[in-house]
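Working notes, beginning with the structure itself.
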Amino acid sequence: MLNYALRRLLGAVPTLIGVATLIFLMIHLVPGDPVEAMLGEYAAPSAREELRGQLGLDKPLHEQYLSFLGGVVTGDLGRSVALEGRPAVAQVIAEAFPTTLLLALAAMAVALIIALPAGTISAARKNTLTDYAVSTGALLGISIPNFWLGPLLILFFSIQLGWLPVSGLDDPWGLVLPALTLGASLAAALTRMVRAAMTEELSQDYIRTARAKGLPEWRIVGVHALRNSLIPVVSIAGLQFGALLAGAVVTERIFSIQGIGFILIDAIGRRDYPLVQGTILVIAACYIAVNLATDLMYAVIDPRVRYGR
């Protein structure tokens with residue numbers, strides 16, 4: 001297991017370097033002058049040169065690249081050029097990241113709470129009205145984008161009924177609507193995955209043997225079949241958790257939650273390129289880390305993965 005973990009960890013390093021390189025090129029090689037975009041076309045030449053020196057844009061491109069990679073390794077992502085006091089980008093991201101992580105965990109919890117029972121019931125009652133209803137609901141959940149679902153939930157639960165806060169996380173109940181918005185599509189996808197995996201497991205010989213021995217149906221479905229069907233579900237859920245961290249950008253903006261996504265959109269609007277660059281890099285690194293953790297978890301659940309060549 002240790003050798004497998006080391007191989008996967010070493011394999012993630014080139015991916016992270018490649019992502020950092022793409023982010024660097026995206027910022028530095030796109031048409032237009034980033035300094036002019038930040039200061040405006042009527043800024044004084046002296047102000048432009050000063051900012052260019054602060055950002056290191058007066059150096060050759062290869063030196064800028066090596067300096068950027070060195071900063072990534074040491075955790076120095078530069079300083080914001082738009083926020084008051086010019087705080088370090090790493091500090092700004094560190095203060096906002098727990099909020100995004102909390103939202104992603106809540107969305108994942110919502111998805112699992114909905115998907116596991118719904119997919120299990122749908123598989124256990126295959127080709128019945130219940131199965132058709134669950135499948136239709138899953139299809140709708142996948143089809144509805146969160147930028148439409150979020151405002152709809154606000155209109156109904158916050159404005160019409162007055163049950164939940166419209167925005168922010170000052171009230172613990174304020175997490176409910178953002179978690180539902182972010183987790184709805186994942187819940188729909190996982191429901192279909194659970195149903196497919198459970199349907200396959202319920203057709204296996206050991207299930208027929210368990211029924212022949214007289215085991216209660218709830219134990220056959222809820223314990224034996226569900227446990228064995230969780231392997232692909234855990235893999236997909238882990239991979240999608242990284243997508244939740246990245247996908248929180250729109251949801252955080254809708255509900256005015258001060259997380260990574262909110263900072264990213266705000267930095268783009270302010271032309272704060274160091275903060276944009278650092279935020280995108282952190283989101284990408286989180287996605288890679290989650291994928292790596294999922295691979296390791298999958299290897300723990302299924303030993304065939306770590307022993308395979």
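Residues are referred to by chain and number: the chain letter is A, B, ... according to the order shown in the structure tokens, the number counts from 1 in that chain, and ligands are numbered separately from 1 in the order shown.
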Each residue of stretch 182-224 of chain A lying at most 9 Å from stretch 124-136 of chain A should get a row with its shortest atom-to-atom pair and the distance in Å to one decimal, counting only C-alpha atoms; could you produce that, ordered by chain and increasing number, as a tab-separated table?
```
residue	atom	partner	partner_atom	distance
A:Ala188	CA	A:Ser135	CA	8.7
A:Thr191	CA	A:Ser135	CA	8.2
A:Arg192	CA	A:Ser135	CA	7.2
A:Arg195	CA	A:Ala124	CA	8.5
A:Met198	CA	A:Ala124	CA	7.8
A:Thr199	CA	A:Ala124	CA	7.5
A:Leu202	CA	A:Ala124	CA	7.9
A:Val221	CA	A:Ala124	CA	7.3
```
Tell me, as a count of residues only, which residues lie within 12 Å of stretch 170-177 of chain A, counting only C-alpha atoms; anything in the same chain fewer than 5 positions away does not count. 35
By how many Å are atom CA of A:Arg52 and atom CA of A:Ala88 apart?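 That distance, rounded to one decimal, is 17.3 Å.
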How many Å separate atom CA of A:Ala225 from atom CA of A:Glu201?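 A separation of 5.6 Å between them.
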Among stretch 26-102 of chain A, which residues carry a DSSP assignment of alpha helix (DSSP H), reported as a VMD selection string? chain A and resid 26 to 28 34 to 39 45 to 55 61 to 74 89 to 102
Could you pull the residues within 8 Å of stretch 279-292 of chain A, counting only C-alpha atoms, minus those fewer than 2 positions along the same chain, as a list in words?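 So the residues in contact are Arg8, Leu9, Ala12, Thr15, Leu16, Val19, Ala20, Ile23, Ile93, Gly238, Leu239, Phe241, Gly242, Ala243, Leu245, Ala246, Ile260, Ile263, Leu264, Leu275, Val276, Gln277, Thr294, Asp295 and Leu296 of chain A.
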Take the residues from that selection and put them in a file with C-alpha atoms, as a PDB file, in the first residue's frame.
```pdb
ATOM      1  CA  ARG A   8       0.462   8.053  -6.974  1.00  0.00           C
ATOM      2  CA  LEU A   9       2.008  10.959  -5.049  1.00  0.00           C
ATOM      3  CA  ALA A  12       0.714  14.004  -9.067  1.00  0.00           C
ATOM      4  CA  THR A  15       0.408  17.274 -13.042  1.00  0.00           C
ATOM      5  CA  LEU A  16       0.700  20.085 -10.515  1.00  0.00           C
ATOM      6  CA  VAL A  19      -1.228  23.149 -14.065  1.00  0.00           C
ATOM      7  CA  ALA A  20       1.011  25.872 -12.632  1.00  0.00           C
ATOM      8  CA  ILE A  23      -1.883  29.226 -15.247  1.00  0.00           C
ATOM      9  CA  ILE A  93      -6.906  32.524   0.146  1.00  0.00           C
ATOM     10  CA  GLY A 238     -14.421  11.545  -4.336  1.00  0.00           C
ATOM     11  CA  LEU A 239     -13.756  12.823  -7.822  1.00  0.00           C
ATOM     12  CA  PHE A 241     -15.779  16.525  -4.375  1.00  0.00           C
ATOM     13  CA  GLY A 242     -12.988  18.264  -6.249  1.00  0.00           C
ATOM     14  CA  ALA A 243     -15.577  19.508  -8.711  1.00  0.00           C
ATOM     15  CA  LEU A 245     -14.654  22.973  -4.652  1.00  0.00           C
ATOM     16  CA  ALA A 246     -14.281  24.373  -8.159  1.00  0.00           C
ATOM     17  CA  ILE A 260     -12.637  31.093  -2.773  1.00  0.00           C
ATOM     18  CA  ILE A 263     -12.768  36.067  -4.140  1.00  0.00           C
ATOM     19  CA  LEU A 264     -11.978  34.813  -7.643  1.00  0.00           C
ATOM     20  CA  LEU A 275      -4.952  37.048  -6.763  1.00  0.00           C
ATOM     21  CA  VAL A 276      -6.651  35.516  -9.822  1.00  0.00           C
ATOM     22  CA  GLN A 277      -3.541  33.477 -10.556  1.00  0.00           C
ATOM     23  CA  THR A 294      -9.792   9.196  -3.905  1.00  0.00           C
ATOM     24  CA  ASP A 295      -7.293   6.887  -5.595  1.00  0.00           C
ATOM     25  CA  LEU A 296      -5.813   5.964  -2.213  1.00  0.00           C
TER      26      LEU A 296
END
```
Shell around stretch 75-78 of chain A at 7 Å using only C-alpha atoms, local window under 6 positions removed, as a VMD selection string: chain A and resid 88 to 90 274 278
Let's have the selection written as a JSON list (two decimals), in the first residue's frame, with C-alpha atoms.
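Final output, out-v9.json:
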```
[["chain", "number", "residue", "atom", "x", "y", "z"],
["A", 88, "ALA", "CA", -0.40, 38.42, 0.63],
["A", 89, "VAL", "CA", -2.39, 36.31, -1.84],
["A", 90, "ALA", "CA", -1.75, 33.19, 0.26],
["A", 274, "PRO", "CA", -1.86, 37.97, -8.77],
["A", 278, "GLY", "CA", -3.17, 32.27, -6.96]]
```
Quick one: pull the distance between atom CA of A:Leu51 and atom CA of A:His28, Å, one decimal.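 Going from atom CA of A:Leu51 over to atom CA of A:His28 covers 14.8 Å.
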Looking at A:Ala187, A:Leu169, A:Glu36, A:Gln160, which one is nearest to A:Gly137, with distances taken over only C-alpha atoms?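 Answer, going by the shortest atom-to-atom distance: A:Ala187.
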So that I can check the surroundings of stretch 205-211 of chain A, please list as an mmCIF file with N, CA and C atoms, in the first residue's frame every protein, DNA and RNA residue that reaches within 8 Å of it, counting only C-alpha atoms and ignoring chain neighbours fewer than 6 positions away.
```cif
data_model
loop_
_atom_site.group_PDB
_atom_site.id
_atom_site.type_symbol
_atom_site.label_atom_id
_atom_site.label_comp_id
_atom_site.auth_asym_id
_atom_site.auth_seq_id
_atom_site.Cartn_x
_atom_site.Cartn_y
_atom_site.Cartn_z
ATOM 1 N N GLU A 217 -35.121 -9.203 3.621
ATOM 2 C CA GLU A 217 -34.811 -8.425 2.419
ATOM 3 C C GLU A 217 -34.067 -7.139 2.764
ATOM 4 N N ILE A 220 -30.439 -7.962 3.158
ATOM 5 C CA ILE A 220 -29.808 -8.299 1.878
ATOM 6 C C ILE A 220 -29.504 -7.036 1.081
ATOM 7 N N HIS A 224 -25.639 -6.185 2.603
ATOM 8 C CA HIS A 224 -24.755 -6.915 1.696
ATOM 9 C C HIS A 224 -24.619 -6.236 0.338
ATOM 10 N N ALA A 225 -25.726 -5.980 -0.324
ATOM 11 C CA ALA A 225 -25.662 -5.401 -1.675
ATOM 12 C C ALA A 225 -25.143 -3.967 -1.645
#
```
